[in-house]
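Pasted below: input-v8.txt, compact mmCIF, C-alpha atoms and all ligand atoms.
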```
# COMPACT_ATOMS: atom_id res chain seq x y z
CA MET A 1 -17.17 24.36 -15.88
CA ASP A 2 -15.85 27.41 -13.96
CA THR A 3 -18.15 30.39 -13.68
CA PRO A 4 -16.75 33.92 -13.11
CA GLY A 5 -15.24 34.09 -9.62
CA ASP A 6 -14.82 30.28 -9.36
CA LYS A 7 -11.12 30.44 -10.17
CA ASP A 8 -10.42 31.77 -6.66
CA LYS A 9 -12.32 28.93 -4.94
CA LEU A 10 -10.27 26.33 -3.00
CA ARG A 11 -10.92 23.00 -4.69
CA CYS A 12 -8.23 20.58 -3.59
CA ALA A 13 -5.27 20.25 -1.22
CA ILE A 14 -2.87 21.88 -3.68
CA ASP A 15 -5.14 24.96 -3.85
CA HIS A 16 -4.75 25.29 -0.08
CA VAL A 17 -0.97 25.01 -0.40
CA LEU A 18 -0.86 27.65 -3.16
CA ALA A 19 -3.20 29.93 -1.19
CA ALA A 20 -0.87 29.65 1.83
CA GLU A 21 2.06 30.58 -0.40
CA LYS A 22 0.14 33.54 -1.87
CA SER A 23 -0.67 34.85 1.61
CA GLY A 24 3.00 34.56 2.65
CA GLU A 25 2.24 31.87 5.23
CA ILE A 26 4.73 29.51 3.53
CA THR A 27 7.60 30.03 1.05
CA PRO A 28 7.95 28.67 -2.54
CA GLU A 29 10.57 26.24 -1.13
CA ASN A 30 7.94 24.97 1.34
CA VAL A 31 5.57 24.37 -1.60
CA ILE A 32 8.17 22.28 -3.42
CA TYR A 33 8.88 20.30 -0.23
CA ILE A 34 5.18 19.58 0.33
CA VAL A 35 4.62 18.51 -3.29
CA GLU A 36 7.67 16.23 -3.17
CA ASN A 37 6.38 14.74 0.10
CA ILE A 38 2.98 14.01 -1.44
CA ASN A 39 4.76 12.48 -4.40
CA VAL A 40 6.68 10.01 -2.25
CA ALA A 41 3.95 9.38 0.35
CA ALA A 42 1.10 8.85 -2.09
CA ILE A 43 2.38 7.98 -5.54
CA GLU A 44 5.57 6.00 -5.05
CA THR A 45 4.22 3.84 -2.21
CA THR A 46 1.19 2.90 -4.29
CA LEU A 47 3.32 2.29 -7.37
CA TRP A 48 5.76 0.05 -5.48
CA SER A 49 2.84 -1.94 -4.07
CA ILE A 50 1.30 -2.38 -7.53
CA GLU A 51 4.64 -3.61 -8.88
CA TRP A 52 5.02 -6.13 -6.03
CA ALA A 53 1.44 -7.37 -6.39
CA LEU A 54 1.72 -7.87 -10.16
CA ALA A 55 5.10 -9.57 -9.87
CA GLU A 56 3.69 -11.94 -7.24
CA VAL A 57 0.66 -12.88 -9.33
CA VAL A 58 2.86 -13.45 -12.38
CA ASN A 59 5.07 -15.77 -10.32
CA HIS A 60 2.01 -17.49 -8.79
CA PRO A 61 -0.31 -18.49 -11.65
CA ASP A 62 -2.46 -20.41 -9.16
CA VAL A 63 -3.15 -17.17 -7.26
CA GLN A 64 -3.92 -15.42 -10.53
CA GLY A 65 -6.38 -18.18 -11.40
CA LYS A 66 -8.09 -17.94 -8.01
CA ILE A 67 -8.53 -14.15 -8.33
CA ARG A 68 -10.02 -14.63 -11.80
CA GLY A 69 -12.28 -17.43 -10.59
CA GLU A 70 -13.56 -15.35 -7.67
CA ILE A 71 -14.35 -12.40 -9.93
CA LYS A 72 -16.22 -14.67 -12.35
CA ASP A 73 -18.18 -16.37 -9.55
CA VAL A 74 -19.14 -13.12 -7.81
CA LEU A 75 -19.48 -10.61 -10.65
CA GLY A 76 -20.04 -12.83 -13.68
CA ASP A 77 -18.69 -11.62 -17.03
CA ASP A 78 -20.35 -8.23 -17.23
CA GLU A 79 -20.50 -6.52 -13.83
CA PRO A 80 -17.50 -4.17 -13.62
CA ILE A 81 -15.16 -4.25 -10.61
CA THR A 82 -15.83 -1.06 -8.67
CA GLU A 83 -14.86 0.35 -5.30
CA SER A 84 -18.28 -0.60 -3.95
CA ASN A 85 -18.09 -4.29 -4.86
CA ILE A 86 -14.47 -5.00 -3.86
CA GLY A 87 -15.85 -6.01 -0.46
CA ARG A 88 -17.46 -8.99 -2.18
CA LEU A 89 -14.03 -10.20 -3.39
CA PRO A 90 -12.27 -11.48 -0.24
CA TYR A 91 -9.59 -13.45 -2.09
CA LEU A 92 -8.55 -10.35 -4.06
CA GLN A 93 -8.34 -8.41 -0.80
CA ALA A 94 -6.25 -11.19 0.74
CA VAL A 95 -3.82 -10.91 -2.18
CA ILE A 96 -3.41 -7.18 -1.52
CA LYS A 97 -2.87 -7.76 2.21
CA GLU A 98 -0.35 -10.52 1.56
CA THR A 99 1.54 -8.23 -0.83
CA LEU A 100 1.71 -5.47 1.78
CA ARG A 101 2.78 -7.98 4.46
CA LEU A 102 5.61 -9.59 2.49
CA HIS A 103 6.76 -6.38 0.77
CA CYS A 104 5.91 -3.67 3.32
CA PRO A 105 6.55 -0.56 1.13
CA ILE A 106 7.71 1.63 4.06
CA PRO A 107 9.44 -1.07 6.13
CA LEU A 108 10.42 1.19 9.05
CA LEU A 109 7.39 3.50 8.83
CA VAL A 110 8.27 7.15 9.47
CA PRO A 111 10.37 8.01 12.55
CA HIS A 112 8.37 9.31 15.51
CA MET A 113 9.46 11.24 18.61
CA ASN A 114 8.08 10.73 22.12
CA LEU A 115 7.35 14.02 23.87
CA GLU A 116 7.56 12.47 27.35
CA ASP A 117 9.82 9.88 29.01
CA ALA A 118 8.39 6.45 28.31
CA LYS A 119 8.91 2.77 29.07
CA LEU A 120 8.28 0.07 26.51
CA GLY A 121 8.96 -3.64 26.86
CA GLY A 122 11.23 -2.93 29.85
CA PHE A 123 13.27 -0.31 27.97
CA ALA A 124 13.45 3.32 29.08
CA ILE A 125 12.90 5.69 26.16
CA PRO A 126 13.99 9.22 27.16
CA LYS A 127 11.78 11.99 25.85
CA GLY A 128 12.88 13.40 22.51
CA SER A 129 14.07 9.99 21.22
CA LYS A 130 13.79 9.02 17.58
CA VAL A 131 11.57 5.94 17.58
CA VAL A 132 11.62 3.68 14.55
CA VAL A 133 9.17 0.79 14.17
CA ASN A 134 10.33 -2.17 12.09
CA ALA A 135 6.95 -2.94 10.52
CA TRP A 136 8.53 -5.32 8.03
CA TRP A 137 9.94 -7.55 10.77
CA LEU A 138 6.66 -7.50 12.69
CA ALA A 139 4.97 -8.79 9.53
CA ASN A 140 7.70 -11.30 8.65
CA ASN A 141 8.83 -12.66 12.00
CA PRO A 142 8.59 -16.48 11.91
CA GLU A 143 7.67 -16.50 15.60
CA LEU A 144 4.53 -14.51 14.78
CA TRP A 145 3.51 -15.87 11.36
CA GLU A 146 3.39 -19.30 9.78
CA LYS A 147 6.10 -19.55 7.09
CA PRO A 148 6.19 -15.76 6.61
CA GLU A 149 8.59 -16.05 3.65
CA GLU A 150 5.83 -17.68 1.55
CA PHE A 151 3.46 -15.58 -0.56
CA ARG A 152 0.22 -17.22 0.57
CA PRO A 153 -2.89 -14.98 0.45
CA GLU A 154 -4.92 -17.87 1.90
CA ARG A 155 -3.44 -17.09 5.34
CA PHE A 156 -5.73 -14.01 5.45
CA LEU A 157 -8.76 -16.22 4.82
CA GLY A 158 -7.58 -18.92 7.24
CA GLU A 159 -5.49 -18.59 10.39
CA GLU A 160 -5.15 -14.80 9.97
CA SER A 161 -8.71 -14.06 8.83
CA SER A 162 -9.22 -11.56 11.66
CA VAL A 163 -6.24 -9.41 10.56
CA ASP A 164 -7.17 -6.27 8.65
CA ALA A 165 -5.12 -3.54 7.00
CA ALA A 166 -6.21 -0.87 9.48
CA VAL A 167 -4.76 2.23 11.12
CA GLY A 168 -7.26 2.59 13.94
CA GLY A 169 -9.87 0.53 15.77
CA LYS A 170 -9.07 -3.15 15.53
CA VAL A 171 -5.36 -2.97 14.68
CA ASP A 172 -3.18 -6.09 14.74
CA PHE A 173 0.26 -4.88 15.80
CA ARG A 174 1.96 -7.52 13.63
CA PHE A 175 0.54 -5.92 10.47
CA LEU A 176 1.13 -2.17 10.19
CA PRO A 177 1.87 -1.36 6.52
CA PHE A 178 0.18 2.03 6.96
CA GLY A 179 1.37 2.70 10.53
CA MET A 180 -1.27 3.29 13.18
CA GLY A 181 -2.66 6.04 15.38
CA ARG A 182 -2.61 9.80 14.98
CA ARG A 183 0.17 10.02 12.37
CA SER A 184 -0.81 6.93 10.41
CA CYS A 185 -1.34 7.02 6.67
CA PRO A 186 -4.44 9.03 5.70
CA GLY A 187 -4.15 7.57 2.19
CA ILE A 188 -5.16 4.04 3.26
CA ILE A 189 -8.73 4.68 2.12
CA LEU A 190 -7.44 5.45 -1.38
CA ALA A 191 -4.53 3.01 -1.56
CA LEU A 192 -6.42 -0.20 -0.70
CA PRO A 193 -9.21 0.24 -3.28
CA ILE A 194 -6.74 1.44 -5.94
CA LEU A 195 -4.59 -1.67 -5.45
CA ALA A 196 -7.58 -4.02 -5.55
CA LEU A 197 -9.06 -2.30 -8.62
CA ILE A 198 -5.82 -2.39 -10.60
CA VAL A 199 -4.88 -5.97 -9.76
CA GLY A 200 -8.48 -7.21 -10.13
CA LYS A 201 -9.08 -5.53 -13.48
CA LEU A 202 -5.75 -6.64 -14.96
CA VAL A 203 -6.12 -10.24 -13.80
CA ARG A 204 -9.71 -10.39 -15.06
CA SER A 205 -8.71 -9.22 -18.55
CA PHE A 206 -5.23 -10.73 -19.02
CA GLU A 207 -3.25 -13.79 -18.23
CA MET A 208 0.07 -12.30 -17.13
CA VAL A 209 3.12 -14.53 -17.53
CA PRO A 210 6.92 -14.17 -17.54
CA PRO A 211 8.43 -13.62 -21.01
CA PRO A 212 9.41 -16.72 -23.06
CA GLY A 213 12.45 -18.46 -21.60
CA VAL A 214 11.97 -16.97 -18.12
CA ASP A 215 10.54 -19.16 -15.37
CA LYS A 216 10.02 -16.55 -12.61
CA LEU A 217 10.33 -12.76 -12.45
CA ASP A 218 13.29 -11.42 -10.49
CA MET A 219 11.93 -10.44 -7.05
CA SER A 220 15.14 -8.90 -5.70
CA GLU A 221 14.45 -6.04 -3.32
CA LYS A 222 15.92 -2.56 -3.17
CA GLY A 223 15.37 -0.98 0.19
CA GLY A 224 16.21 2.02 2.25
CA GLN A 225 14.84 3.56 5.43
CA PHE A 226 11.74 4.79 3.63
CA SER A 227 11.21 2.28 0.87
CA LEU A 228 11.17 -1.32 -0.13
CA HIS A 229 10.71 -1.65 -3.85
CA ILE A 230 11.43 -4.13 -6.59
CA ALA A 231 15.07 -3.79 -7.67
CA ASN A 232 14.82 -4.72 -11.35
CA HIS A 233 11.95 -4.17 -13.70
CA SER A 234 10.97 -7.22 -15.74
CA VAL A 235 9.07 -7.76 -18.95
CA VAL A 236 5.62 -9.31 -18.45
CA ALA A 237 3.64 -10.89 -21.30
CA PHE A 238 -0.09 -10.05 -21.30
CA HIS A 239 -2.44 -12.52 -23.02
CA ALA A 240 -5.93 -11.09 -23.43
CA ILE A 241 -8.69 -13.27 -21.98
CA SER A 242 -11.94 -13.38 -23.89
CA PRO A 243 -14.96 -13.53 -21.54
C1 LIG A 301 0.21 1.29 -0.53
C2 LIG A 301 0.24 2.60 -0.40
C3 LIG A 301 0.69 3.33 0.84
C4 LIG A 301 1.43 2.87 1.92
C5 LIG A 301 1.97 1.47 2.17
C6 LIG A 301 1.56 3.99 2.82
C7 LIG A 301 2.22 3.91 4.03
C8 LIG A 301 2.41 5.00 4.89
C9 LIG A 301 3.12 4.95 6.14
C10 LIG A 301 3.78 3.70 6.73
C11 LIG A 301 3.10 6.18 6.68
C12 LIG A 301 3.75 6.61 8.01
C13 LIG A 301 2.87 6.21 9.18
C14 LIG A 301 3.55 6.37 10.50
O1 LIG A 301 4.49 7.14 10.62
O2 LIG A 301 3.14 5.72 11.46
C15 LIG A 301 2.38 7.04 5.76
C16 LIG A 301 2.15 8.38 5.97
C17 LIG A 301 1.47 9.19 5.09
N1 LIG A 301 0.83 8.80 3.93
FE1 LIG A 301 0.79 6.94 3.17
N2 LIG A 301 0.94 5.08 2.29
C18 LIG A 301 0.38 4.72 1.08
C19 LIG A 301 -0.36 5.52 0.25
C20 LIG A 301 -0.69 6.84 0.48
C21 LIG A 301 -1.57 7.65 -0.33
C22 LIG A 301 -2.31 7.13 -1.57
C23 LIG A 301 -1.59 8.89 0.22
C24 LIG A 301 -2.35 10.12 -0.19
C25 LIG A 301 -3.27 10.16 -1.15
C26 LIG A 301 -0.73 8.87 1.38
C27 LIG A 301 -0.47 9.96 2.20
C28 LIG A 301 0.27 9.92 3.36
C29 LIG A 301 0.56 11.09 4.18
C30 LIG A 301 0.12 12.53 3.91
C31 LIG A 301 1.30 10.63 5.27
C32 LIG A 301 1.85 11.46 6.44
C33 LIG A 301 0.84 11.47 7.59
C34 LIG A 301 1.35 12.23 8.80
O3 LIG A 301 2.56 12.39 8.95
O4 LIG A 301 0.53 12.65 9.62
N3 LIG A 301 -0.21 7.60 1.52
N4 LIG A 301 1.95 6.29 4.70
```

Once more with this new file: its structure as structure tokens, please.
Amino acid sequence: MDTPGDKDKLRCAIDHVLAAEKSGEITPENVIYIVENINVAAIETTLWSIEWALAEVVNHPDVQGKIRGEIKDVLGDDEPITESNIGRLPYLQAVIKETLRLHCPIPLLVPHMNLEDAKLGGFAIPKGSKVVVNAWWLANNPELWEKPEEFRPERFLGEESSVDAAVGGKVDFRFLPFGMGRRSCPGIILALPILALIVGKLVRSFEMVPPPGVDKLDMSEKGGQFSLHIANHSVVAFHAISP
């Protein structure tokens, strides 16, 4: 609970933004722009990924069963899924990676500009160019992946077991859903556990199936420069699973 004087303390990022506005460093329009940016960068990307992951597990009951089986084997019926034990659930993590590979939520990342003249792959890139990376194609190019059009989490436990969702250190340049380097996504440390927790907890508690009369959910995509999300929302039937 706040004690007298605490209300002026900076407690989160938004407090810093509001403090900057109060001191005249930025304008109210800047505040709206920053909040809208956070909204798209953090909330919508995570939401689109959750939608893709759930739609894929509904359309792949075998994958759903394997996630459930892994959770039961590793955590039993009672131990809750938490951020600290997700590392013991490699199949669940593979499902999240495969979702981000097949449905890269920001397919062209965010445009970057080179400050100096550069050469890449034999091409001259004059300084001040707008550089766009097609992360979706890198992750779905049949010359680089085995049957990339298939949703097959097992690839990340088999032939691609060394590939991580990473933005620094050991980065595989075929798999960049969060970009890489200095301007990569700082939210990766939140997004990956959130996705695993939501998918893991739902699959553990419910069998999720298409509604009666529907064989598969509609996976049509709606994309733009900054987004790749599911085009049409579908009804999903949740059947509670008793432990
Ligand atoms: C599945 C979820 C997410 C995906 C796929 C994603 C992806 C990305 C990508 C591709 C970029 C641009 C990287 C580049 O230009 O090279 C980015 C930037 C950014 N993301 Fe995320 N993101 C996700 C979740 C989040 C979350 C949860 C947050 C915050 C809590 C966040 C905050 C940001 C910010 C602030 C930037 C801009 C960084 C900069 O320009 O320096 N993102 N994200």

8 Å shell around ligand LIG 301 (chain A) using only C-alpha atoms and all ligand atoms, listed as a PyMOL selection string:
chain A and resi 37-38+41-50+100+104-112+176-192+195

Counting all atoms listed in the file, the residue of A:Arg88, A:His16, A:Lys72, A:Arg101 that sits nearest A:Leu228:
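Of A:Arg88, A:His16, A:Lys72, A:Arg101, the one nearest A:Leu228, counting all atoms listed in the file, is A:Arg101.
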
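Taking only C-alpha atoms, the non-local environment of A:Val209 within 7 Å (same-chain residues fewer than 5 positions away omitted) comprises Val58, Val236, Ala237 and Phe238 of chain A.
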
Quick one: everything within 12 Å of A:His103, counting only C-alpha atoms, minus sequence neighbours fewer than 6 positions away in the same chain. Send it as a PyMOL selection string.
chain A and resi 45-46+48-53+55-56+95-97+135-140+148-151+175-177+219-223+227-230

Which residues come within 9 Å of A:Asn59, counting all atoms listed in the file, excluding same-chain residues fewer than 6 positions away, as JSON, numbers by chain?
{"A": [209, 210, 215, 216, 217]}

Identify, on the basis of only C-alpha atoms, every residue whose closest approach to A:Glu116 does not exceed 10 Å; exclude the query and any residue fewer than 3 positions from it along the same chain; express the result as a PyMOL selection string.
chain A and resi 113+119+125-129

Do you know which residues are at most 12 Å from A:Leu18 counting only C-alpha atoms, after dropping those on the same chain fewer than 2 positions away, and could you put them as an NGL selection string?
:A and (8-16 or 20-32 or 34-35)

Counting only C-alpha atoms, which residue out of A:Val131, A:Leu102, A:Ala124, A:Val40 sits closest to A:Lys147?
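Ranked by minimum distance to A:Lys147, first place goes to A:Leu102.
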
In Å, with one decimal, what is the gap from atom CA of A:Thr99 to atom CA of A:Ile67?
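Pair atom CA of A:Thr99 / atom CA of A:Ile67 returns 13.9 Å.
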
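The residue that comes closest to A:Ile194, out of A:Glu83, A:Glu70, A:Asp62, A:Asp77 and on the basis of all atoms listed in the file, is A:Glu83.
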
What is the distance, in Å and to one decimal place, between atom CA of A:Gly158 and atom CA of A:Ile71?
19.6 Å

Between A:Gly87, A:Ser242, A:Asp78, A:Phe226, which residue has the minimum interatomic distance to A:Val132, considering all atoms listed in the file?
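Ranking A:Gly87, A:Ser242, A:Asp78, A:Phe226 by distance to A:Val132, first place goes to A:Phe226.
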
Output requested as an mmCIF file, keeping the file's coordinate frame - stretch 49-63 of chain A, filled out with N, CA and C atoms.
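Resulting contents of rebuild_5.cif:
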```
data_model
loop_
_atom_site.group_PDB
_atom_site.id
_atom_site.type_symbol
_atom_site.label_atom_id
_atom_site.label_comp_id
_atom_site.auth_asym_id
_atom_site.auth_seq_id
_atom_site.Cartn_x
_atom_site.Cartn_y
_atom_site.Cartn_z
ATOM 1 N N SER A 49 3.736 -0.847 -4.465
ATOM 2 C CA SER A 49 2.840 -1.940 -4.070
ATOM 3 C C SER A 49 2.223 -2.605 -5.308
ATOM 4 N N ILE A 50 1.870 -1.800 -6.304
ATOM 5 C CA ILE A 50 1.300 -2.380 -7.530
ATOM 6 C C ILE A 50 2.336 -3.286 -8.193
ATOM 7 N N GLU A 51 3.589 -2.801 -8.247
ATOM 8 C CA GLU A 51 4.640 -3.610 -8.880
ATOM 9 C C GLU A 51 4.821 -4.942 -8.145
ATOM 10 N N TRP A 52 4.856 -4.887 -6.795
ATOM 11 C CA TRP A 52 5.020 -6.130 -6.030
ATOM 12 C C TRP A 52 3.843 -7.067 -6.281
ATOM 13 N N ALA A 53 2.632 -6.523 -6.242
ATOM 14 C CA ALA A 53 1.440 -7.370 -6.390
ATOM 15 C C ALA A 53 1.440 -8.043 -7.766
ATOM 16 N N LEU A 54 1.742 -7.276 -8.812
ATOM 17 C CA LEU A 54 1.720 -7.870 -10.160
ATOM 18 C C LEU A 54 2.827 -8.907 -10.310
ATOM 19 N N ALA A 55 4.007 -8.591 -9.763
ATOM 20 C CA ALA A 55 5.100 -9.570 -9.870
ATOM 21 C C ALA A 55 4.724 -10.853 -9.148
ATOM 22 N N GLU A 56 4.086 -10.734 -7.984
ATOM 23 C CA GLU A 56 3.690 -11.940 -7.240
ATOM 24 C C GLU A 56 2.652 -12.748 -8.018
ATOM 25 N N VAL A 57 1.674 -12.078 -8.627
ATOM 26 C CA VAL A 57 0.660 -12.880 -9.330
ATOM 27 C C VAL A 57 1.227 -13.494 -10.607
ATOM 28 N N VAL A 58 2.215 -12.828 -11.209
ATOM 29 C CA VAL A 58 2.860 -13.450 -12.380
ATOM 30 C C VAL A 58 3.606 -14.710 -11.933
ATOM 31 N N ASN A 59 4.292 -14.617 -10.792
ATOM 32 C CA ASN A 59 5.070 -15.770 -10.320
ATOM 33 C C ASN A 59 4.203 -16.836 -9.656
ATOM 34 N N HIS A 60 2.933 -16.515 -9.396
ATOM 35 C CA HIS A 60 2.010 -17.490 -8.790
ATOM 36 C C HIS A 60 0.756 -17.605 -9.653
ATOM 37 N N PRO A 61 0.847 -18.357 -10.758
ATOM 38 C CA PRO A 61 -0.310 -18.490 -11.650
ATOM 39 C C PRO A 61 -1.544 -19.053 -10.941
ATOM 40 N N ASP A 62 -1.313 -19.869 -9.901
ATOM 41 C CA ASP A 62 -2.460 -20.410 -9.160
ATOM 42 C C ASP A 62 -3.231 -19.288 -8.472
ATOM 43 N N VAL A 63 -2.496 -18.309 -7.923
ATOM 44 C CA VAL A 63 -3.150 -17.170 -7.260
ATOM 45 C C VAL A 63 -3.919 -16.361 -8.307
#
```
